[in-house]
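Enquirer: Pasting in a structure now, in structure tokens, and then I'll have a few things to ask.
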Amino acid sequence: MSAPVHPTSEWHAMQDVFYRKHRIYQMQWAELDLARFRVAASSFGGPIALLRDDRLLLEAGSAPLLDSAIHVFSASGQTIGKIEYDGLHHIAGFSWNGREQLVCVQEDATVRIFSLSGQEPTSFSLGAEAQSSGIIDCRFWDQGLVAMTGDFRFVYVNDIGEPKPKLLADAASLHAPTGLPPHSWAIVPPHLTLSHHVEVLASVGTTILSIDAVGVQDQLLDHGPYARISVSPNGRLAALCSNKDRASGDNGLWRIQVVSMDFQRSFSEYTNSTADDRLFDIAWCGSDAAVASFASGDTLLVGPFGDTLTFTHDAPMHLVQELDGVRMFNALSHEFLCKVSEDAKSVFQIGSTSAAALLYDALDGIRAHSSRADETVRSIRDDMPQAVDTCIAAAGSEPITDLQQSLLRAASLGKSFLPVFSGDKLVDMCRNLRVVNCLTSYNVGIPVSLLQFQSLPFEEWVARLLNRNQHRLAAAVCRYMEQPVDQVYVHWACAKIRTSSTLDDDTLYHALRDRLDTLSSTGIASYVDIAEVANHCGYQRLAIKLLQHEPRAANQVPLLISMNQDRAAMDEAIRSCDADLVYFVIFHLFKAMPLGEFFQVVGRTQAAGRLFERYCIDQNSPVLEDYYFQDDAFAKSARLIVIDNLRRKRRKGESAATAEEEDDVPKLVANLKVALKILHNDRTRVLETAAMDTQIRLVQTQRQLETEMSAATNGGEFVGLPLNETLAQCLVKGNYARASKLRTEFKVPERRYYWIKLHALVLRRDWAELARLANAKKSPIGYRPFVDECIAALQYQEAAKYIPRCDAQDRPQLFLRIGFFREAAQAATAAKDVDMLRQIHAAAARDSTLQHDIAQQIEQLTRS
């Protein structure tokens with residue numbers, strides 16, 4: 001049995017820094033010649049898309065995958081899916097965005113976005129100018145893109161989710177004399193620029209142009225043209241690749257130069273020694289080392305100070321830039337090149353005497369039952385916390401599972417010698433590494449490091465598993481990390497529906513419910529997404545059944561409407577008790593249905609009918625009249641006529657009356673008669689019918705009063721006034737006979753008539769008529785109101801006339817209110833009210849004689 005390979009066997013020294021080239025996978029796809037394909041690989045261990053390069057002439061049947069589709073593989077080379085693409089020969093560029101969606105830019109300036117989950121592709125245009133000149137090349141970042149048009153203009157989209165194409169500054173005039181596009185160009189994403197807007201670095205002639213939305217800046221370089229430009233992940237450095245033998249084109253010595261982003265400082269420079277070697281690809285390993293891949297299969301790592309490392313492969317390597325390194329793959333293998341962490345160096349470097357290295361050696365000693373292990377542990381007791389932390393951190397940077405386990409066991413060993421130590425860091429590292437190793441496995445094919453795993457939200461990794469239909473694994477990972485699993489169940493249900501074309505609605509519904517009820521004890525938070533997919537796939541009855549489990553009506557109703565389930569949408573909106581949601585359904589139905597059918601649906605439920613009526617009344621909509629007519633709502637129809645008349649009267653009062661408006665009473669009467677006729681159709685509305693008949697007669701009488709009084713100087717408006725106000729106006733204007741006739745005609749109760757006449761006479765100051773009213777017969781309302789009205793009008797003498805006719809117990813107080821102290825004292829003495837006498841005594845302070853008499857009366861009453 002051979003001894004285990006030491007971790008440093010994969011290390012490569014560059015001065016005091018080590019780089020590790022670790023083989024992740026042996027590619028599982030069939031033997032492919034990647035030179036025949038256009039390749040797009042996603043970062044964070046994402047998928048690889050292969051598109052047959054239609055610019056190459058290929059022999060039919062010479063290799064697999066020569067169809068017109070885009071084939072998608074995992075990073076381990078296993079097939080994920082295939083995208084059937086219409087207009088395949090018009091793709092100018094394609095790449096993956098941060099959500100693992102394949103973004104394809106066509107030469108006609110159309111951008112199409114494909115999802116791995118089987119959703120319908122979306123598309124948008126880069127604008128009319130881009131369409132007219134066409135697209136010849138593209139560059140991408142996580143959520144945006146920059147495309148170069150046929151006239152060498154650059155158009156960019158900052159957010160593919162909400163595309164708003166805009167043009168960068170025009171730099172075409174600077175290379176117009178050649179009539180050729182830039183030799184190469186690269187982008188600086190918005191989050192790496194000071195302006196927070198995308199910038200383009202274009203190699204033109206011997207220099208580089210920096211282009212943004214504001215203008216163009218010439219960097220005044222003279223070592224161009226540059227065949228490749230690559231920007232570091234932190235946006236501080238740029239790698240420039242040029243061919244020293246310009247006369248021979250690509251077949252010369254390549255020069256790689258690393259400069260600052262302002263192009264003022266050069267940090268390293270390398271020139272290859274092999275002629276006739278074509279540069280294949282370039283990327284960054286971290287933020288301080290550039291990696292160049294050549295067609296011969298050599299891969300060159302250029303360090304910060306010009307040092308290099310060369311790796312030899314059988315075929316040129318495609319480079320995928322990552323946060324902490326670079327992935328390299330060809331048709332045979334997939335490797336990861338990264339810098340060795342300081343923690344790993346501290347543990348594994350040959351000759352290391354750090355506390356972490358000693359702790360790791362102690363673990364080996366314990367396994368070998370060596371007595372020196374205890375001595376080793378005791379020698380690092382003071383540095384044990386640091387050693388434990390270093391071993392934990394080194395485990396996070398190790399790609400080999402066995403080494404991870406050994407380092408974590410060493411950390412656990414050191415932790416047992418510490419009296420106080422929180423194990424949360426060790427537990428978290430174990431949990432994270434278990435998930436990372438699970439993602440990196442061959443079957444999953446998402447090779448990520450711990451740093452990459454921690455740089456994205458956990459939900460993103462679950463989504464990537466779901467894109468590969470790894471539902472069981474995604475659910476297990478969510479449970480292991482104690483995260484919600486709703487997203488997994490919803491995606492599984494949607495995928496099940498998309499792939500179950502042979503099942504009927506009921507069978508598929510039971511299959512979904514059985515699995516969802518089994519996997520989720522608490523149920524799924526929302527069924528809307530599943531129902532939407534079911535409806536899109538033609539399972540409408542299934543979608544309706546699923547929506548019955550949706551707890552939020554605001555999510556149910558729009559989908560039901562889109563499915564033409566109008567009655568169900570109305571029922572759910574009403575059940576939610578949300579007036580806005582009910583109005584949403586009503587407005588949709590009003591636009592989508594014939595008027596008669598709409599009235600039936602709205603009138604079917606009382607709540608919807610009332611809300612519709614309220615809206616029509618507020619908006620003065622004529623539709624309400626038709627609604628009442630169809631519903632045989634006679635009383636409501638009559639009420640609508642009355643409301644319309646009141647509005648007309650209000651508008652008349654707010655604006656200057658024209659001659660036509662002044663003669664509007666016949667129309668008013670005619671409308672009221674129509675309302676009366678409608679009410680006669682409803683035998684249950686006897687009171688309303690009688691009231692309407694009375695109102696018509698009142699309006700006619702009021703119109704007659706206006707005609708009679710129009711010639712007089714005291715004429716006025718009567719139409720529209722209530723009966724009581726009409727009586728009052730007649731009395732105020734002195735038309736007592738007409739008021740009496742109105743009282744008899746409309747059977748006004750005597751008490752009400754006395755109150756109206758009393759108030760009107762006092763307002764008119766007709767004291768003689770007031771006296772006649774009081775003396776005609778016994779007042780049905782008493783005489784206290786006469787006194788109160790006169791006092792309110794400050795007519796105290798008139799008030800004194802009616803006080804003796806009031807009740808005896810009220811007279812003292814009434815006389816006291818008008819300042820008749822002597823009469824008040826007499827009334828109080830007659831009523832034997834000592835308390836009132838005391839009040840009068842206090843009020844009559846200016847009349848000493850009256851006070852003396854009141855005091856005697858008080859004394860006599862108290863003695864008796």
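In the structure tokens, the first chain shown is A, the next is B, and so on; residue numbers restart at 1 for each chain, and ligands run from 1 in the order shown.
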So which residues touch Ser296 of chain A within 12 Å, counting only C-alpha atoms, skipping near sequence neighbours fewer than 4 positions away, as number ranges by chain?
Expert: A: 274-281, 292, 300, 311-317
Enquirer: Counting only C-alpha atoms, what is within 7 Å of Gln556 of chain A, bar same-chain residues fewer than 6 positions away, as a list in words?
Expert: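 Near Gln556 of chain A, the qualifying residues are Val528, Leu547 and Glu550 of chain A.
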Enquirer: Enumerate as an NGL selection string all residues of segment 62-156 of chain A assigned to strand (DSSP E or B) by DSSP on the backbone, naming them with the chain letters and numbers the document uses.
Expert: :A and (70-73 or 79-83 or 91-96 or 101-106 or 110-115 or 122-125 or 135-141 or 144-149 or 154-156)
Enquirer: What's the 12 Å shell around Gln606 of chain A, counting only C-alpha atoms, without same-chain residues fewer than 4 positions away, as a PyMOL selection string?
Expert: chain A and resi 570-571+574+582+600-602+610-613
Enquirer: As a PDB file with N, CA and C atoms, in the first residue's frame, please: the residues near segment 766-769 of chain A (cut-off 10 Å, only C-alpha atoms, same-chain neighbours under 3 positions excluded).
Expert:
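Generated file (selection.pdb):
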```
ATOM      1  N   VAL A 732     -92.002  83.867   7.132  1.00  0.00           N
ATOM      2  CA  VAL A 732     -91.025  84.963   7.221  1.00  0.00           C
ATOM      3  C   VAL A 732     -91.386  86.065   6.243  1.00  0.00           C
ATOM      4  N   GLY A 734     -94.349  86.840   5.424  1.00  0.00           N
ATOM      5  CA  GLY A 734     -95.644  87.411   5.822  1.00  0.00           C
ATOM      6  C   GLY A 734     -96.840  86.807   5.128  1.00  0.00           C
ATOM      7  N   TYR A 736     -99.111  84.548   5.646  1.00  0.00           N
ATOM      8  CA  TYR A 736     -99.638  83.656   6.678  1.00  0.00           C
ATOM      9  C   TYR A 736    -100.743  82.758   6.124  1.00  0.00           C
ATOM     10  N   LYS A 757     -93.879  78.418  13.128  1.00  0.00           N
ATOM     11  CA  LYS A 757     -94.439  79.769  13.086  1.00  0.00           C
ATOM     12  C   LYS A 757     -93.860  80.649  14.165  1.00  0.00           C
ATOM     13  N   LEU A 758     -93.656  80.071  15.360  1.00  0.00           N
ATOM     14  CA  LEU A 758     -93.053  80.840  16.447  1.00  0.00           C
ATOM     15  C   LEU A 758     -91.690  81.371  16.042  1.00  0.00           C
ATOM     16  N   ALA A 760     -90.455  81.753  13.005  1.00  0.00           N
ATOM     17  CA  ALA A 760     -90.544  82.682  11.878  1.00  0.00           C
ATOM     18  C   ALA A 760     -91.040  84.053  12.323  1.00  0.00           C
ATOM     19  N   LEU A 761     -92.037  84.125  13.231  1.00  0.00           N
ATOM     20  CA  LEU A 761     -92.574  85.411  13.694  1.00  0.00           C
ATOM     21  C   LEU A 761     -91.540  86.184  14.483  1.00  0.00           C
ATOM     22  N   VAL A 762     -90.805  85.498  15.319  1.00  0.00           N
ATOM     23  CA  VAL A 762     -89.743  86.186  16.068  1.00  0.00           C
ATOM     24  C   VAL A 762     -88.690  86.702  15.099  1.00  0.00           C
ATOM     25  N   LEU A 763     -88.338  85.863  14.089  1.00  0.00           N
ATOM     26  CA  LEU A 763     -87.368  86.301  13.093  1.00  0.00           C
ATOM     27  C   LEU A 763     -87.883  87.511  12.317  1.00  0.00           C
ATOM     28  N   ARG A 772    -101.224  87.159  18.781  1.00  0.00           N
ATOM     29  CA  ARG A 772    -102.446  86.500  18.305  1.00  0.00           C
ATOM     30  C   ARG A 772    -102.279  84.972  18.310  1.00  0.00           C
ATOM     31  N   LEU A 773    -101.080  84.520  17.950  1.00  0.00           N
ATOM     32  CA  LEU A 773    -100.816  83.079  17.963  1.00  0.00           C
ATOM     33  C   LEU A 773    -100.919  82.523  19.380  1.00  0.00           C
ATOM     34  N   ALA A 774    -100.398  83.306  20.344  1.00  0.00           N
ATOM     35  CA  ALA A 774    -100.417  82.826  21.726  1.00  0.00           C
ATOM     36  C   ALA A 774    -101.822  82.865  22.317  1.00  0.00           C
ATOM     37  N   ASN A 775    -102.640  83.854  21.866  1.00  0.00           N
ATOM     38  CA  ASN A 775    -103.971  84.033  22.463  1.00  0.00           C
ATOM     39  C   ASN A 775    -105.065  83.300  21.706  1.00  0.00           C
ATOM     40  N   CYS A 790     -88.078  84.840  22.473  1.00  0.00           N
ATOM     41  CA  CYS A 790     -87.984  86.291  22.670  1.00  0.00           C
ATOM     42  C   CYS A 790     -86.690  86.675  23.364  1.00  0.00           C
ATOM     43  N   GLN A 795     -85.537  90.483  23.149  1.00  0.00           N
ATOM     44  CA  GLN A 795     -86.812  91.209  23.336  1.00  0.00           C
ATOM     45  C   GLN A 795     -87.375  90.827  24.697  1.00  0.00           C
ATOM     46  N   GLU A 798     -91.168  91.686  25.455  1.00  0.00           N
ATOM     47  CA  GLU A 798     -92.068  90.715  24.859  1.00  0.00           C
ATOM     48  C   GLU A 798     -92.032  89.401  25.623  1.00  0.00           C
TER      49      GLU A 798
END
```
Enquirer: If we count only C-alpha atoms and set the cut-off at 9 Å, which residues sit around segment 97-106 of chain A, ignoring sequence neighbours fewer than 6 positions away in its own chain? Please answer as a PyMOL selection string.
Expert: chain A and resi 40+42-44+46-47+49+87-91+112-116+134-138+140-144+147+160+460+463-464+467
Enquirer: Would you export the selected residues with N, CA, C and O atoms as a compact mmCIF listing (two decimals), in the first residue's frame, please?
Expert:
```txt
# COMPACT_ATOMS: atom_id res chain seq x y z
N ALA A 40 -18.98 28.81 -23.22
CA ALA A 40 -19.31 29.80 -22.18
C ALA A 40 -19.45 29.06 -20.87
O ALA A 40 -20.31 28.19 -20.72
N SER A 42 -19.76 29.35 -16.61
CA SER A 42 -20.21 30.24 -15.54
C SER A 42 -19.26 30.18 -14.35
O SER A 42 -18.66 29.14 -14.07
N SER A 43 -19.14 31.29 -13.66
CA SER A 43 -18.32 31.32 -12.45
C SER A 43 -19.05 30.63 -11.30
O SER A 43 -20.19 30.20 -11.44
N PHE A 44 -18.40 30.56 -10.15
CA PHE A 44 -18.94 29.88 -8.97
C PHE A 44 -19.32 28.43 -9.29
O PHE A 44 -20.36 27.93 -8.87
N GLY A 46 -20.27 27.09 -12.02
CA GLY A 46 -21.49 27.00 -12.80
C GLY A 46 -21.37 26.12 -14.03
O GLY A 46 -20.32 25.52 -14.30
N PRO A 47 -22.44 26.02 -14.82
CA PRO A 47 -22.48 25.12 -15.97
C PRO A 47 -21.63 25.62 -17.13
O PRO A 47 -21.19 26.78 -17.17
N ALA A 49 -21.69 25.88 -21.32
CA ALA A 49 -22.53 25.84 -22.52
C ALA A 49 -21.64 25.69 -23.74
O ALA A 49 -20.64 26.41 -23.89
N GLY A 87 -32.79 30.54 -34.86
CA GLY A 87 -31.89 31.59 -35.33
C GLY A 87 -30.50 31.43 -34.76
O GLY A 87 -29.84 32.39 -34.37
N LEU A 88 -30.05 30.20 -34.67
CA LEU A 88 -28.79 29.89 -34.00
C LEU A 88 -27.59 30.56 -34.67
O LEU A 88 -26.64 30.94 -34.02
N HIS A 89 -27.64 30.73 -35.96
CA HIS A 89 -26.47 31.24 -36.67
C HIS A 89 -26.34 32.76 -36.55
O HIS A 89 -25.52 33.34 -37.24
N HIS A 90 -27.11 33.36 -35.71
CA HIS A 90 -27.04 34.81 -35.58
C HIS A 90 -26.62 35.25 -34.17
O HIS A 90 -26.91 36.35 -33.76
N ILE A 91 -25.96 34.38 -33.43
CA ILE A 91 -25.51 34.72 -32.08
C ILE A 91 -24.17 35.43 -32.16
O ILE A 91 -23.18 34.88 -32.66
N ARG A 112 -31.74 37.31 -25.82
CA ARG A 112 -32.61 36.26 -25.32
C ARG A 112 -31.98 35.63 -24.09
O ARG A 112 -30.77 35.38 -24.05
N ILE A 113 -32.82 35.37 -23.08
CA ILE A 113 -32.35 34.87 -21.78
C ILE A 113 -33.02 33.52 -21.53
O ILE A 113 -34.26 33.43 -21.52
N PHE A 114 -32.21 32.48 -21.33
CA PHE A 114 -32.71 31.13 -21.11
C PHE A 114 -32.41 30.69 -19.68
O PHE A 114 -31.33 30.98 -19.14
N SER A 115 -33.36 29.97 -19.10
CA SER A 115 -33.21 29.45 -17.75
C SER A 115 -33.03 27.95 -17.79
O SER A 115 -33.62 27.26 -18.65
N LEU A 116 -32.27 27.42 -16.85
CA LEU A 116 -32.06 25.98 -16.78
C LEU A 116 -33.28 25.24 -16.24
O LEU A 116 -33.39 24.02 -16.39
N GLY A 134 -26.30 46.38 -36.38
CA GLY A 134 -25.98 45.01 -36.03
C GLY A 134 -24.97 44.93 -34.89
O GLY A 134 -24.30 45.90 -34.54
N ILE A 135 -24.88 43.74 -34.28
CA ILE A 135 -23.96 43.49 -33.17
C ILE A 135 -22.87 42.54 -33.66
O ILE A 135 -23.16 41.52 -34.31
N ILE A 136 -21.60 42.86 -33.34
CA ILE A 136 -20.49 42.02 -33.80
C ILE A 136 -19.74 41.37 -32.63
O ILE A 136 -19.02 40.39 -32.85
N ASP A 137 -19.90 41.89 -31.41
CA ASP A 137 -19.17 41.31 -30.28
C ASP A 137 -19.83 41.75 -28.97
O ASP A 137 -20.53 42.77 -28.95
N CYS A 138 -19.58 40.98 -27.90
CA CYS A 138 -20.22 41.28 -26.60
C CYS A 138 -19.26 40.95 -25.47
O CYS A 138 -18.37 40.10 -25.60
N PHE A 140 -19.70 40.52 -20.96
CA PHE A 140 -20.73 40.37 -19.95
C PHE A 140 -20.14 40.52 -18.55
O PHE A 140 -18.95 40.28 -18.33
N TRP A 141 -20.98 40.93 -17.60
CA TRP A 141 -20.70 40.76 -16.17
C TRP A 141 -21.95 40.17 -15.53
O TRP A 141 -22.88 39.78 -16.23
N ASP A 142 -21.97 40.08 -14.19
CA ASP A 142 -23.00 39.29 -13.51
C ASP A 142 -24.41 39.63 -13.96
O ASP A 142 -25.20 38.75 -14.26
N GLN A 143 -24.75 40.91 -14.01
CA GLN A 143 -26.12 41.31 -14.33
C GLN A 143 -26.22 42.26 -15.52
O GLN A 143 -27.26 42.88 -15.71
N GLY A 144 -25.17 42.42 -16.27
CA GLY A 144 -25.22 43.36 -17.38
C GLY A 144 -24.37 42.91 -18.55
O GLY A 144 -23.71 41.86 -18.52
N ALA A 147 -22.32 45.57 -25.68
CA ALA A 147 -22.26 45.03 -27.04
C ALA A 147 -21.65 46.07 -27.98
O ALA A 147 -21.91 47.28 -27.83
N ILE A 160 -29.95 43.30 -16.67
CA ILE A 160 -30.68 42.51 -17.66
C ILE A 160 -32.12 42.28 -17.22
O ILE A 160 -33.02 42.15 -18.04
N GLU A 460 -29.00 31.08 -3.02
CA GLU A 460 -28.46 30.98 -4.37
C GLU A 460 -27.94 29.57 -4.66
O GLU A 460 -28.13 29.03 -5.76
N ALA A 463 -30.82 27.34 -5.25
CA ALA A 463 -31.36 27.56 -6.59
C ALA A 463 -30.50 26.86 -7.65
O ALA A 463 -31.03 26.32 -8.63
N ARG A 464 -29.19 26.83 -7.45
CA ARG A 464 -28.32 26.15 -8.42
C ARG A 464 -28.53 24.64 -8.40
O ARG A 464 -28.46 23.98 -9.44
N ASN A 467 -31.70 24.07 -10.30
CA ASN A 467 -31.50 24.18 -11.75
C ASN A 467 -31.03 22.86 -12.36
O ASN A 467 -31.24 22.60 -13.55
```
Enquirer: Hey, can you check how far atom CA of Thr376 of chain A sits from atom CA of Ala362 of chain A?
Expert: 6.0 Å
Enquirer: Using only C-alpha atoms, which of the listed residues (A:Ile858, A:Leu359, A:Val444, A:Ile187) sits closest to Ser412 of chain A?
Expert: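 Of the candidates, the smallest distance to Ser412 of chain A is held by A:Leu359.
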Enquirer: From the set A:Gln119, A:Cys338, A:Lys21, A:Leu403, which residue has the shortest atom-to-atom contact distance to Glu532 of chain A, counting only C-alpha atoms?
Expert: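 Counting only C-alpha atoms, the residue closest to Glu532 of chain A is A:Gln119.
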Enquirer: Hey, what does DSSP flag as helix (DSSP H, G or I) within segment 547-623 of chain A? Can you give it to me as a ChimeraX atom specification?
Expert: /A:547,553-562,566-575,579-592,595-603,606-619,623
Enquirer: Determine, counting only C-alpha atoms, which protein, DNA and RNA residues have an atom within 9 Å of an atom of segment 204-210 of chain A; residues of the same chain fewer than 2 positions away are not included. Present the result as a ChimeraX atom specification.
Expert: /A:171,174-175,181-185,199-202,212,215-226
Enquirer: Can you work out which one of A:Leu309, A:Ile497, A:Leu698, A:Met328 has the shortest atom-to-atom distance to Ala13 of chain A, counting only C-alpha atoms?
Expert: A:Leu309
Enquirer: Find, counting only C-alpha atoms, the residue in A:Arg703, A:Arg784, A:Arg822, A:His471 that gets nearest to Asp486 of chain A.
Expert: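 Answer, going by the shortest atom-to-atom distance: A:His471.
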Enquirer: Which of these residues is nearest to Ser501 of chain A, using only C-alpha atoms: A:Phe590, A:Tyr539, A:Tyr480, A:Trp11?
Expert: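 For Ser501 of chain A, the nearest of the given residues is A:Tyr539.
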